[in-house]
Every structure is written in C-alpha cells, then in structure tokens.
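Peer 1: Got a structure for you, query_10.cif, holding mmCIF, C-alpha atoms.
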data_run
#
loop_
_atom_site.label_atom_id
_atom_site.label_comp_id
_atom_site.auth_asym_id
_atom_site.auth_seq_id
_atom_site.Cartn_x
_atom_site.Cartn_y
_atom_site.Cartn_z
CA MET H 1 -18.55 -7.35 -17.12
CA ASP H 2 -17.16 -3.95 -16.23
CA ALA H 3 -17.49 -3.51 -12.45
CA SER H 4 -17.71 0.27 -12.69
CA SER H 5 -20.94 0.01 -14.63
CA VAL H 6 -22.42 -2.18 -11.93
CA VAL H 7 -22.10 0.51 -9.27
CA ALA H 8 -22.54 3.53 -11.50
CA PRO H 9 -24.35 6.33 -9.66
CA PRO H 10 -27.92 7.31 -10.54
CA PRO H 11 -28.22 10.18 -13.07
CA SER H 12 -29.05 12.69 -10.32
CA GLU H 13 -25.61 12.14 -8.75
CA ARG H 14 -23.59 12.28 -11.95
CA ASN H 15 -22.76 15.98 -11.82
CA PRO H 16 -21.67 16.66 -8.24
CA GLY H 17 -19.54 19.73 -9.05
CA ARG H 18 -15.89 20.58 -9.09
CA SER H 19 -14.90 19.64 -5.59
CA LEU H 20 -12.84 17.07 -3.81
CA HIS H 21 -16.01 15.03 -3.40
CA ARG H 22 -16.06 14.53 -7.15
CA PHE H 23 -13.50 11.81 -6.54
CA ALA H 24 -15.43 10.40 -3.61
CA ASN H 25 -18.03 8.97 -5.94
CA PRO H 26 -17.53 5.15 -5.89
CA GLY H 27 -18.67 4.70 -9.49
CA ARG H 28 -16.21 7.31 -10.72
CA PHE H 29 -13.45 5.83 -8.57
CA LEU H 30 -14.06 2.38 -10.06
CA ARG H 31 -13.94 3.75 -13.60
CA LEU H 32 -10.75 5.78 -13.06
CA SER H 33 -8.98 3.10 -11.03
CA GLY H 34 -10.02 0.41 -13.50
CA ALA H 35 -8.25 2.34 -16.25
CA ALA H 36 -5.16 3.11 -14.13
CA LEU H 37 -4.69 -0.29 -12.47
CA PRO H 38 -3.21 -2.24 -15.43
CA TRP H 39 -0.70 0.57 -16.08
CA LEU H 40 0.30 0.76 -12.43
CA ALA H 41 0.74 -3.00 -12.18
CA ALA H 42 2.58 -3.43 -15.49
CA GLY H 43 4.79 -0.38 -14.92
CA GLY H 44 5.61 -1.48 -11.38
CA ALA H 45 6.49 -5.02 -12.46
CA ALA H 46 8.70 -3.74 -15.32
CA PHE H 47 10.58 -1.18 -13.22
CA LEU H 48 10.99 -3.68 -10.39
CA ALA H 49 12.29 -6.46 -12.66
CA VAL H 50 14.84 -4.15 -14.30
CA GLY H 51 15.94 -2.64 -10.99
CA LEU H 52 16.30 -5.96 -9.16
CA VAL H 53 18.24 -7.64 -12.00
CA TRP H 54 20.43 -4.54 -12.38
CA GLY H 55 21.07 -4.35 -8.64
CA LEU H 56 21.72 -8.07 -8.28
CA PHE H 57 23.97 -8.72 -11.29
CA PHE H 58 25.28 -5.48 -12.80
CA ALA H 59 25.65 -2.86 -10.05
CA PRO H 60 29.10 -2.75 -8.46
CA ALA H 61 29.84 -4.24 -5.05
CA ASP H 62 30.73 -1.87 -2.21
CA TRP H 63 34.41 -1.66 -1.22
CA GLN H 64 33.53 -2.14 2.48
CA GLN H 65 30.28 -4.13 2.47
CA GLY H 66 31.04 -6.32 -0.51
CA ASP H 67 28.00 -7.79 -2.26
CA ALA H 68 25.83 -7.39 0.84
CA VAL H 69 25.21 -3.83 -0.37
CA ARG H 70 22.83 -5.37 -2.97
CA ILE H 71 20.29 -5.91 -0.16
CA MET H 72 19.91 -2.10 -0.23
CA TYR H 73 17.93 -2.35 -3.50
CA VAL H 74 15.13 -4.07 -1.61
CA HIS H 75 15.59 -2.60 1.85
CA VAL H 76 15.71 1.14 1.04
CA PRO H 77 12.57 1.30 -1.17
CA ALA H 78 10.71 -0.80 1.44
CA ALA H 79 11.76 1.70 4.12
CA TRP H 80 10.67 4.69 2.01
CA LEU H 81 7.32 3.07 1.27
CA ALA H 82 6.76 2.13 4.90
CA SER H 83 6.90 5.86 5.78
CA ALA H 84 5.16 7.07 2.61
CA GLY H 85 2.39 4.51 3.11
CA TYR H 86 1.80 5.76 6.63
CA LEU H 87 1.71 9.34 5.33
CA GLY H 88 -0.96 8.21 2.85
CA LEU H 89 -2.85 6.51 5.66
CA ALA H 90 -2.73 9.73 7.72
CA LEU H 91 -3.85 11.79 4.72
CA CYS H 92 -6.85 9.51 4.17
CA SER H 93 -7.60 9.75 7.89
CA ALA H 94 -7.55 13.56 7.74
CA LEU H 95 -9.84 13.50 4.67
CA SER H 96 -12.16 11.16 6.54
CA LEU H 97 -12.27 13.20 9.76
CA VAL H 98 -12.47 16.68 8.21
CA TRP H 99 -14.41 16.21 4.96
CA ARG H 100 -16.08 12.82 5.59
CA HIS H 101 -14.70 11.65 2.26
CA PRO H 102 -16.54 8.33 1.67
CA LEU H 103 -13.64 6.60 -0.04
CA ALA H 104 -11.00 7.83 2.41
CA ASP H 105 -12.09 5.38 5.13
CA LEU H 106 -11.94 2.45 2.73
CA ALA H 107 -8.54 3.54 1.37
CA ALA H 108 -7.14 3.95 4.91
CA VAL H 109 -8.32 0.46 5.87
CA GLU H 110 -6.71 -1.00 2.74
CA ILE H 111 -3.41 0.91 3.07
CA GLY H 112 -2.88 -0.44 6.61
CA PRO H 113 -2.03 -4.11 5.85
CA VAL H 114 0.04 -3.22 2.76
CA GLY H 115 2.02 -0.63 4.72
CA ALA H 116 2.53 -3.13 7.54
CA GLY H 117 3.78 -5.69 4.99
CA PHE H 118 6.31 -3.27 3.52
CA THR H 119 7.43 -2.20 7.02
CA ALA H 120 7.95 -5.87 7.90
CA LEU H 121 9.90 -6.27 4.65
CA CYS H 122 12.07 -3.28 5.59
CA LEU H 123 12.73 -4.69 9.08
CA ALA H 124 13.42 -8.20 7.80
CA THR H 125 15.82 -7.15 5.02
CA GLY H 126 17.53 -4.71 7.40
CA SER H 127 18.00 -7.57 9.83
CA ILE H 128 19.35 -9.83 7.07
CA TRP H 129 21.83 -7.07 6.13
CA GLY H 130 22.71 -6.39 9.79
CA LYS H 131 23.82 -9.92 10.62
CA PRO H 132 26.85 -10.04 8.26
CA MET H 133 27.64 -6.30 8.60
CA TRP H 134 27.09 -5.58 12.31
CA GLY H 135 27.27 -9.14 13.59
CA ALA H 136 23.74 -8.93 15.04
CA TRP H 137 20.24 -9.52 13.68
CA TRP H 138 18.88 -6.65 15.74
CA VAL H 139 20.17 -3.69 17.76
CA TRP H 140 18.05 -1.23 19.74
CA ASP H 141 19.25 1.63 17.57
CA ALA H 142 17.04 4.78 17.23
CA ARG H 143 16.32 4.22 13.51
CA LEU H 144 15.47 0.53 13.92
CA THR H 145 13.37 1.13 17.01
CA SER H 146 11.39 3.98 15.43
CA VAL H 147 10.63 1.80 12.38
CA LEU H 148 9.53 -0.99 14.74
CA VAL H 149 7.18 1.55 16.39
CA LEU H 150 5.85 2.37 12.90
CA PHE H 151 5.14 -1.35 12.37
CA PHE H 152 3.21 -1.47 15.66
CA LEU H 153 1.28 1.67 14.65
CA TYR H 154 0.20 -0.09 11.47
CA LEU H 155 -0.82 -3.20 13.45
CA GLY H 156 -2.69 -1.00 15.95
CA HIS H 157 -4.57 0.70 13.13
CA ILE H 158 -5.48 -2.64 11.53
CA ALA H 159 -6.79 -3.96 14.85
CA LEU H 160 -8.59 -0.77 15.87
CA VAL H 161 -10.66 -0.28 12.70
CA ARG H 162 -11.92 -3.86 13.07
CA ALA H 163 -12.56 -3.69 16.81
CA PHE H 164 -16.00 -2.00 16.67
CA ASP H 165 -19.36 -3.41 15.65
CA ASP H 166 -20.15 -0.06 14.04
CA PRO H 167 -17.64 0.42 11.16
CA VAL H 168 -18.01 4.23 11.33
CA ARG H 169 -16.73 4.27 14.92
CA GLY H 170 -13.87 1.95 13.94
CA HIS H 171 -12.88 4.22 11.06
CA ARG H 172 -12.95 7.31 13.30
CA ALA H 173 -10.85 5.64 16.01
CA GLY H 174 -8.38 4.39 13.40
CA ALA H 175 -8.17 7.84 11.83
CA ILE H 176 -7.34 9.46 15.19
CA LEU H 177 -4.65 6.84 15.86
CA ALA H 178 -3.20 7.35 12.37
CA LEU H 179 -2.99 11.13 12.85
CA ILE H 180 -1.35 10.79 16.28
CA GLY H 181 1.15 8.31 14.83
CA VAL H 182 2.35 10.81 12.22
CA VAL H 183 4.65 12.23 14.90
CA ASN H 184 6.76 9.09 14.43
CA LEU H 185 7.62 9.94 10.79
CA PRO H 186 10.01 12.85 11.51
CA ILE H 187 11.49 10.77 14.32
CA ILE H 188 12.30 8.02 11.79
CA LYS H 189 13.68 10.53 9.29
CA PHE H 190 15.89 12.48 11.70
CA SER H 191 16.76 9.68 14.13
CA VAL H 192 20.15 9.23 12.43
CA ASP H 193 20.88 12.97 12.93
CA TRP H 194 19.46 13.43 16.44
CA TRP H 195 21.10 10.36 17.98
CA ASN H 196 24.43 8.65 17.54
CA THR H 197 23.06 5.57 15.79
CA LEU H 198 24.67 2.44 14.40
CA HIS H 199 22.48 2.88 11.31
CA GLN H 200 24.28 5.00 8.71
CA PRO H 201 23.03 8.55 7.95
CA ASP H 202 20.97 9.26 4.82
CA THR H 203 22.89 9.04 1.55
CA ILE H 204 20.01 10.54 -0.45
CA SER H 205 18.23 13.72 0.67
CA PHE H 206 15.77 16.24 -0.82
CA THR H 207 18.17 19.16 -0.39
CA GLY H 208 21.66 17.91 -1.26
CA ALA H 209 23.27 15.85 -3.98
CA PRO H 210 23.35 12.10 -3.28
CA THR H 211 26.59 10.80 -1.82
CA MET H 212 26.11 7.46 -3.53
CA TYR H 213 27.99 6.26 -6.62
CA ILE H 214 25.83 6.82 -9.72
CA GLY H 215 26.19 3.16 -10.77
CA MET H 216 24.38 2.19 -7.54
CA LEU H 217 21.92 5.09 -7.62
CA TRP H 218 20.24 4.12 -10.91
CA PRO H 219 19.16 0.59 -9.95
CA LEU H 220 18.00 1.97 -6.59
CA LEU H 221 15.87 4.53 -8.46
CA PHE H 222 14.38 1.77 -10.61
CA THR H 223 13.50 -0.48 -7.67
CA ALA H 224 12.12 2.52 -5.74
CA ILE H 225 9.81 3.49 -8.64
CA GLY H 226 8.88 -0.18 -9.19
CA TYR H 227 8.00 -0.84 -5.56
CA ALA H 228 6.07 2.47 -5.36
CA LEU H 229 3.96 1.58 -8.41
CA VAL H 230 3.37 -1.97 -7.09
CA PHE H 231 2.37 -0.55 -3.70
CA ALA H 232 -0.07 1.84 -5.40
CA ALA H 233 -1.48 -0.95 -7.60
CA ILE H 234 -2.07 -3.21 -4.58
CA VAL H 235 -3.81 -0.43 -2.61
CA VAL H 236 -5.97 0.55 -5.61
CA ALA H 237 -6.95 -3.10 -6.24
CA ARG H 238 -7.83 -3.65 -2.56
CA THR H 239 -9.82 -0.40 -2.44
CA ARG H 240 -11.73 -1.40 -5.59
CA ALA H 241 -12.59 -4.72 -3.94
CA ALA H 242 -13.68 -2.90 -0.76
CA VAL H 243 -15.96 -0.55 -2.72
CA MET H 244 -17.61 -3.50 -4.47
CA GLU H 245 -17.96 -5.44 -1.20
CA ARG H 246 -19.63 -2.44 0.43
CA ARG H 247 -22.04 -2.22 -2.49
CA ILE H 248 -22.84 -5.95 -2.16
CA ARG H 249 -23.54 -5.54 1.57
CA ALA H 250 -25.81 -2.55 0.88
CA LEU H 251 -27.76 -4.44 -1.80
CA LEU H 252 -28.19 -7.53 0.38
CA MET H 253 -29.32 -5.39 3.34
CA ALA H 254 -31.85 -3.58 1.14
CA ARG H 255 -33.11 -6.92 -0.17
CA ALA H 256 -33.46 -8.27 3.38
CA ASP H 257 -35.38 -5.15 4.42
CA GLU H 258 -37.71 -5.53 1.44
CA ALA H 259 -38.34 -9.18 2.31
CA ARG H 260 -39.13 -8.25 5.92
CA THR H 261 -41.72 -5.60 4.97
CA MET L 1 29.56 -13.14 -4.76
CA THR L 2 30.00 -12.57 -1.01
CA HIS L 3 27.16 -13.03 1.53
CA LEU L 4 25.12 -14.95 -1.04
CA PRO L 5 22.61 -16.62 1.36
CA TYR L 6 21.75 -13.23 2.89
CA ILE L 7 21.30 -11.63 -0.53
CA VAL L 8 19.12 -14.50 -1.78
CA ALA L 9 16.97 -14.33 1.36
CA ALA L 10 16.49 -10.56 1.03
CA TYR L 11 15.60 -10.74 -2.68
CA ALA L 12 13.25 -13.68 -2.10
CA LEU L 13 11.39 -11.64 0.51
CA GLY L 14 11.50 -8.59 -1.76
CA VAL L 15 9.71 -10.51 -4.50
CA LEU L 16 7.43 -12.80 -2.47
CA VAL L 17 5.93 -10.21 -0.08
CA PRO L 18 4.64 -7.82 -2.81
CA ALA L 19 3.64 -10.80 -4.99
CA ALA L 20 1.56 -12.30 -2.17
CA PHE L 21 -0.19 -8.97 -1.57
CA ALA L 22 -0.80 -8.48 -5.29
CA TRP L 23 -2.21 -12.01 -5.72
CA SER L 24 -4.53 -11.71 -2.72
CA ALA L 25 -5.77 -8.30 -3.93
CA PHE L 26 -6.42 -9.71 -7.42
CA VAL L 27 -8.32 -12.74 -6.08
CA ARG L 28 -10.37 -10.56 -3.72
CA MET L 29 -11.21 -8.08 -6.50
CA ARG L 30 -12.23 -10.85 -8.89
CA GLY L 31 -14.46 -12.46 -6.24
CA ALA L 32 -16.09 -9.13 -5.36
CA ARG L 33 -16.77 -8.39 -9.04
CA ARG L 34 -18.43 -11.79 -9.52
CA ARG L 35 -20.55 -11.51 -6.37
CA LEU L 36 -21.61 -7.98 -7.25
CA ALA L 37 -22.59 -9.03 -10.76
CA ALA L 38 -24.73 -11.80 -9.26
CA VAL L 39 -26.38 -9.56 -6.66
CA ASP L 40 -26.96 -6.33 -8.60
CA THR L 41 -30.31 -6.77 -10.38
CA ARG L 42 -30.11 -3.23 -11.81
CA ARG L 43 -27.27 -4.29 -14.08
CA ARG L 44 -28.81 -7.68 -14.78
CA ALA L 45 -32.10 -6.05 -15.70
CA ALA L 46 -30.31 -3.80 -18.14
CA VAL L 47 -29.01 -6.78 -20.08
CA ASP L 48 -31.80 -9.34 -19.49
CA PRO L 49 -35.19 -8.39 -21.07
CA ARG L 50 -37.06 -11.01 -18.96
CA LEU L 51 -35.97 -9.29 -15.74
CA ARG L 52 -36.76 -5.84 -17.20
CA ALA L 53 -40.33 -6.96 -17.94
CA ARG L 54 -41.02 -7.84 -14.27
#
Rewrite the structure of this file - the entire thing - as structure tokens.
Peer 2:
Amino acid sequence: MDASSVVAPPPSERNPGRSLHRFANPGRFLRLSGAALPWLAAGGAAFLAVGLVWGLFFAPADWQQGDAVRIMYVHVPAAWLASAGYLGLALCSALSLVWRHPLADLAAVEIGPVGAGFTALCLATGSIWGKPMWGAWWVWDARLTSVLVLFFLYLGHIALVRAFDDPVRGHRAGAILALIGVVNLPIIKFSVDWWNTLHQPDTISFTGAPTMYIGMLWPLLFTAIGYALVFAAIVVARTRAAVMERRIRALLMARADEART
Amino acid sequence: MTHLPYIVAAYALGVLVPAAFAWSAFVRMRGARRRLAAVDTRRRAAVDPRLRAR
C-alpha cells in the first residue's frame, strides 16, 4: 500500500496556495519523497561504488603519503557532509522558529543522528590517516578540535530535543542550539587559515582552481556525490518514517479520546 | 599497497556506517508504513466495503 495515500490531506487542505507551506503538507511530502527516494538511494549507491573502487584501485598513490592518500576518498566527503548536514539542521531550525514549518522540526530531528554519524566517520577516518602520517591518532589541532566540537553540537542537539516531555519545547530548544552552533562552521572552514595547524590547508575551494591532480579529483568527486545522495536518502527515509509515526500517534490519541467519551 | 590495514579500516567504516544508517532507516520506514496501514481506518474503509457500511 502506498503510504502517501494513507496520510493524504482532506480535500479542504489540498490547495494551500503557492507558498513555502505548500511543502509542509505531510501528505504531499510523502508523495514527493516516495518518488525521489529510490532515485536518491540508487544514484548514491552507484556513485559511491564507482568512486570507492576508482579511489581504491585506479587512482594514483601520492608521492609523499603513498597509498594512505586513498583514505581521503572517504574522509573528505564525510567532512563536507558533517558541515553541510549541520547547515541543513540549522536551516530546518530557522524554518521551524520563524515560519513554524511543520516538517522542519521532524527533518531537524532526523538530520541530527545522521550528521553525527558522518562527523564520527570523518573523525575516525582522519584519525586512521593521522596515525601513519603524523605518528599520532589525535592532535589538538584547530581543525580537528573544531570538528570535534561539531560532533558534540550534534550530540547536544540529539539529547536536547528528546529531553522534554512536550516535543514542541524540545524542538524549540534544539532549534536555538542548532542556530547558535552555526558559528562553528566558519571556524571549521577557516581554521587552517587562521591558525598554524598540522592539518593541511584546503586543496579545493569555491573561488580558485583545485590544487589536486585531476586523476585524484575525479574519484573524490564521485565519492562526494555518492555520499551526499546517500546522506539525503537516509534523511528523507527517516523523515518519512517520522511523519508516519506522528500520524499513528495522532490516530491512536484520537481513538483513545473517543473511547473515553 | 602501503598502509593497507589503515586503508581497509577506513573503507570498511566508510561503507558500514552509511549502510547501517540506511538499513535502520529502511526498517523503521517499513514498520511505520505497516503500523499506519493497520491503524488508519480511513484508508481501510476506502478499500473494505464492510467497514464503509458501518
């Protein structure tokens, strides 16, 4: 059975106008996301498989780092998505606080654990790369420390939204924390410029040409697109589940109220 | 290939972490869809004439 039809809105709500709230309708979200989800998942898996195989077996080794440079094909996309995921979390929080977008709260709650997972992946793979290259699993370098702070911000958000009996208060508190935490994103980005860090400066930027060899850049692009699509697919799937679970709770509450009266 | 154990560990994490998230999201979504289909009488009434008659 198609889940979107189960929570389709009543006819009176089917023409809510051309506004942002058009997309806040849970029935419409389930229909759109149901159509997009297989493409996101399949595209992500395909890009990721090609990128990882390319990076592992066909991309050249680095003249200084040797084959350890191949860890970059996992580590760098995970780092980008850790920051991008938090930006998405903050955007959902702003939508929730300013426009009371009904789906924004659910999306923010679902982005949190996925973002934390990718941040942990970034920290773990960075640590695995650091041991043979720097001789240490961890150094209190500005880039590493600011990413660790990002991980704690994710954990704080996950804990805070679940810390209240009233979910609305939890969502509001989480949204405020998420917006305050945005200040950490430019610190992560520019930490390698502002401080003399052990972590190397950016090799890819929005403004200049990449300083990386093209034979390494392509597999990195593939894994970055693959991980981004997989991240999006996971968040969409979790948000779909959250929408349906909220609908189940509402139906059961209504049924309990009916039985009481 | 140099540093092989480190590379294998990083790639294993790079596959297992997203796969675990994807699997848990799929299982949760499937469970929610089943529970919702069981709870939502509006949909059931639309397909079951006995419920519609009540």
Peer 1: Using all atoms listed in the file, find which residues of chain L lie within 8 Å of chain H and jot them down as an mmCIF file with C-alpha atoms, in the frame of the given file.
Peer 2:
data_model
loop_
_atom_site.group_PDB
_atom_site.id
_atom_site.type_symbol
_atom_site.label_atom_id
_atom_site.label_comp_id
_atom_site.auth_asym_id
_atom_site.auth_seq_id
_atom_site.Cartn_x
_atom_site.Cartn_y
_atom_site.Cartn_z
ATOM 1 C CA MET L 1 29.560 -13.140 -4.760
ATOM 2 C CA THR L 2 30.000 -12.570 -1.010
ATOM 3 C CA HIS L 3 27.160 -13.030 1.530
ATOM 4 C CA LEU L 4 25.120 -14.950 -1.040
ATOM 5 C CA TYR L 6 21.750 -13.230 2.890
ATOM 6 C CA ILE L 7 21.300 -11.630 -0.530
ATOM 7 C CA ALA L 9 16.970 -14.330 1.360
ATOM 8 C CA ALA L 10 16.490 -10.560 1.030
ATOM 9 C CA TYR L 11 15.600 -10.740 -2.680
ATOM 10 C CA LEU L 13 11.390 -11.640 0.510
ATOM 11 C CA GLY L 14 11.500 -8.590 -1.760
ATOM 12 C CA VAL L 17 5.930 -10.210 -0.080
ATOM 13 C CA PRO L 18 4.640 -7.820 -2.810
ATOM 14 C CA PHE L 21 -0.190 -8.970 -1.570
ATOM 15 C CA ALA L 22 -0.800 -8.480 -5.290
ATOM 16 C CA ALA L 25 -5.770 -8.300 -3.930
ATOM 17 C CA PHE L 26 -6.420 -9.710 -7.420
ATOM 18 C CA ARG L 28 -10.370 -10.560 -3.720
ATOM 19 C CA MET L 29 -11.210 -8.080 -6.500
ATOM 20 C CA ARG L 30 -12.230 -10.850 -8.890
ATOM 21 C CA ALA L 32 -16.090 -9.130 -5.360
ATOM 22 C CA ARG L 33 -16.770 -8.390 -9.040
ATOM 23 C CA ARG L 35 -20.550 -11.510 -6.370
ATOM 24 C CA LEU L 36 -21.610 -7.980 -7.250
ATOM 25 C CA ALA L 37 -22.590 -9.030 -10.760
ATOM 26 C CA VAL L 39 -26.380 -9.560 -6.660
ATOM 27 C CA ASP L 40 -26.960 -6.330 -8.600
ATOM 28 C CA ARG L 42 -30.110 -3.230 -11.810
ATOM 29 C CA ARG L 43 -27.270 -4.290 -14.080
#
Peer 1: Take the PyMOL selection byres ((chain H and resi 140) around 12), apply it to the structure above, and return the hits as a PDB file with C-alpha atoms, in the frame of the given file.
Peer 2:
ATOM      1  CA  SER H 127      18.000  -7.570   9.830  1.00  0.00           C
ATOM      2  CA  ALA H 136      23.740  -8.930  15.040  1.00  0.00           C
ATOM      3  CA  TRP H 137      20.240  -9.520  13.680  1.00  0.00           C
ATOM      4  CA  TRP H 138      18.880  -6.650  15.740  1.00  0.00           C
ATOM      5  CA  VAL H 139      20.170  -3.690  17.760  1.00  0.00           C
ATOM      6  CA  ASP H 141      19.250   1.630  17.570  1.00  0.00           C
ATOM      7  CA  ALA H 142      17.040   4.780  17.230  1.00  0.00           C
ATOM      8  CA  ARG H 143      16.320   4.220  13.510  1.00  0.00           C
ATOM      9  CA  LEU H 144      15.470   0.530  13.920  1.00  0.00           C
ATOM     10  CA  THR H 145      13.370   1.130  17.010  1.00  0.00           C
ATOM     11  CA  SER H 146      11.390   3.980  15.430  1.00  0.00           C
ATOM     12  CA  VAL H 147      10.630   1.800  12.380  1.00  0.00           C
ATOM     13  CA  LEU H 148       9.530  -0.990  14.740  1.00  0.00           C
ATOM     14  CA  VAL H 149       7.180   1.550  16.390  1.00  0.00           C
ATOM     15  CA  ASN H 196      24.430   8.650  17.540  1.00  0.00           C
ATOM     16  CA  THR H 197      23.060   5.570  15.790  1.00  0.00           C
ATOM     17  CA  LEU H 198      24.670   2.440  14.400  1.00  0.00           C
ATOM     18  CA  HIS H 199      22.480   2.880  11.310  1.00  0.00           C
TER      19      HIS H 199
END
Peer 1: Edge lengths and centre in Å to one decimal, as JSON, is what I'm after for the box along x, y and z that holds all listed atoms of range 7-25 of chain L once 8 Å is added on each side.
Peer 2:
{"center_x": 7.8, "center_y": -11.2, "center_z": -2.2, "size_x": 43.1, "size_y": 22.7, "size_z": 23.1}
Peer 1: How many Å separate CA of Val183 in chain H from CA of Thr211 in chain H?
Peer 2: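 The value is 27.6 Å.
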Peer 1: Using all atoms listed in the file, find the one residue out of H:Pro186, H:Gly156, H:Pro38, H:Pro102 that sits nearest to Ala173 in chain H.
Peer 2: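 Closest candidate: H:Gly156.
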Peer 1: So how far away is CA of Ala116 in chain H from CA of Gly170 in chain H, in Å?
Peer 2: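 About the pair CA of Gly170 in chain H and CA of Ala116 in chain H: they are 18.3 Å apart.
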Peer 1: May I ask you to restore N, CA and C atoms in range 126-150 of chain H and write the result as a PDB file, in the coordinates of the input?
Peer 2:
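After the write, part.pdb holds the following:
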ATOM      1  N   GLY H 126      16.531  -5.424   6.598  1.00  0.00           N
ATOM      2  CA  GLY H 126      17.530  -4.710   7.400  1.00  0.00           C
ATOM      3  C   GLY H 126      18.238  -5.669   8.350  1.00  0.00           C
ATOM      4  N   SER H 127      17.450  -6.572   8.911  1.00  0.00           N
ATOM      5  CA  SER H 127      18.000  -7.570   9.830  1.00  0.00           C
ATOM      6  C   SER H 127      18.932  -8.531   9.098  1.00  0.00           C
ATOM      7  N   ILE H 128      18.523  -8.928   7.888  1.00  0.00           N
ATOM      8  CA  ILE H 128      19.350  -9.830   7.070  1.00  0.00           C
ATOM      9  C   ILE H 128      20.663  -9.136   6.690  1.00  0.00           C
ATOM     10  N   TRP H 129      20.612  -7.824   6.448  1.00  0.00           N
ATOM     11  CA  TRP H 129      21.830  -7.070   6.130  1.00  0.00           C
ATOM     12  C   TRP H 129      22.688  -6.882   7.398  1.00  0.00           C
ATOM     13  N   GLY H 130      22.003  -6.686   8.538  1.00  0.00           N
ATOM     14  CA  GLY H 130      22.710  -6.390   9.790  1.00  0.00           C
ATOM     15  C   GLY H 130      23.559  -7.536  10.306  1.00  0.00           C
ATOM     16  N   LYS H 131      23.095  -8.763  10.074  1.00  0.00           N
ATOM     17  CA  LYS H 131      23.820  -9.920  10.620  1.00  0.00           C
ATOM     18  C   LYS H 131      25.258 -10.008  10.069  1.00  0.00           C
ATOM     19  N   PRO H 132      25.458  -9.975   8.740  1.00  0.00           N
ATOM     20  CA  PRO H 132      26.850 -10.040   8.260  1.00  0.00           C
ATOM     21  C   PRO H 132      27.633  -8.735   8.473  1.00  0.00           C
ATOM     22  N   MET H 133      26.935  -7.585   8.528  1.00  0.00           N
ATOM     23  CA  MET H 133      27.640  -6.300   8.600  1.00  0.00           C
ATOM     24  C   MET H 133      27.923  -5.869  10.037  1.00  0.00           C
ATOM     25  N   TRP H 134      26.936  -6.010  10.921  1.00  0.00           N
ATOM     26  CA  TRP H 134      27.090  -5.580  12.310  1.00  0.00           C
ATOM     27  C   TRP H 134      27.372  -6.747  13.243  1.00  0.00           C
ATOM     28  N   GLY H 135      27.107  -7.957  12.746  1.00  0.00           N
ATOM     29  CA  GLY H 135      27.270  -9.140  13.590  1.00  0.00           C
ATOM     30  C   GLY H 135      26.070  -9.413  14.484  1.00  0.00           C
ATOM     31  N   ALA H 136      24.948  -8.733  14.218  1.00  0.00           N
ATOM     32  CA  ALA H 136      23.740  -8.930  15.040  1.00  0.00           C
ATOM     33  C   ALA H 136      22.510  -8.803  14.148  1.00  0.00           C
ATOM     34  N   TRP H 137      21.490  -9.623  14.445  1.00  0.00           N
ATOM     35  CA  TRP H 137      20.240  -9.520  13.680  1.00  0.00           C
ATOM     36  C   TRP H 137      19.496  -8.246  14.027  1.00  0.00           C
ATOM     37  N   TRP H 138      19.666  -7.809  15.279  1.00  0.00           N
ATOM     38  CA  TRP H 138      18.880  -6.650  15.740  1.00  0.00           C
ATOM     39  C   TRP H 138      19.689  -5.877  16.766  1.00  0.00           C
ATOM     40  N   VAL H 139      19.628  -4.555  16.703  1.00  0.00           N
ATOM     41  CA  VAL H 139      20.170  -3.690  17.760  1.00  0.00           C
ATOM     42  C   VAL H 139      19.110  -2.647  18.092  1.00  0.00           C
ATOM     43  N   TRP H 140      19.074  -2.214  19.341  1.00  0.00           N
ATOM     44  CA  TRP H 140      18.050  -1.230  19.740  1.00  0.00           C
ATOM     45  C   TRP H 140      18.551   0.177  19.399  1.00  0.00           C
ATOM     46  N   ASP H 141      18.779   0.372  18.131  1.00  0.00           N
ATOM     47  CA  ASP H 141      19.250   1.630  17.570  1.00  0.00           C
ATOM     48  C   ASP H 141      18.018   2.527  17.339  1.00  0.00           C
ATOM     49  N   ALA H 142      18.191   3.860  17.345  1.00  0.00           N
ATOM     50  CA  ALA H 142      17.040   4.780  17.230  1.00  0.00           C
ATOM     51  C   ALA H 142      16.290   4.578  15.923  1.00  0.00           C
ATOM     52  N   ARG H 143      17.000   4.394  14.800  1.00  0.00           N
ATOM     53  CA  ARG H 143      16.320   4.220  13.510  1.00  0.00           C
ATOM     54  C   ARG H 143      15.525   2.917  13.497  1.00  0.00           C
ATOM     55  N   LEU H 144      16.150   1.824  13.938  1.00  0.00           N
ATOM     56  CA  LEU H 144      15.470   0.530  13.920  1.00  0.00           C
ATOM     57  C   LEU H 144      14.262   0.535  14.861  1.00  0.00           C
ATOM     58  N   THR H 145      14.457   1.130  16.029  1.00  0.00           N
ATOM     59  CA  THR H 145      13.370   1.130  17.010  1.00  0.00           C
ATOM     60  C   THR H 145      12.199   1.981  16.530  1.00  0.00           C
ATOM     61  N   SER H 146      12.489   3.130  15.910  1.00  0.00           N
ATOM     62  CA  SER H 146      11.390   3.980  15.430  1.00  0.00           C
ATOM     63  C   SER H 146      10.635   3.312  14.279  1.00  0.00           C
ATOM     64  N   VAL H 147      11.335   2.540  13.452  1.00  0.00           N
ATOM     65  CA  VAL H 147      10.630   1.800  12.380  1.00  0.00           C
ATOM     66  C   VAL H 147       9.803   0.663  12.985  1.00  0.00           C
ATOM     67  N   LEU H 148      10.319   0.045  14.042  1.00  0.00           N
ATOM     68  CA  LEU H 148       9.530  -0.990  14.740  1.00  0.00           C
ATOM     69  C   LEU H 148       8.253  -0.374  15.322  1.00  0.00           C
ATOM     70  N   VAL H 149       8.366   0.845  15.875  1.00  0.00           N
ATOM     71  CA  VAL H 149       7.180   1.550  16.390  1.00  0.00           C
ATOM     72  C   VAL H 149       6.193   1.796  15.249  1.00  0.00           C
ATOM     73  N   LEU H 150       6.712   2.163  14.072  1.00  0.00           N
ATOM     74  CA  LEU H 150       5.850   2.370  12.900  1.00  0.00           C
ATOM     75  C   LEU H 150       5.093   1.085  12.564  1.00  0.00           C
TER      76      LEU H 150
END
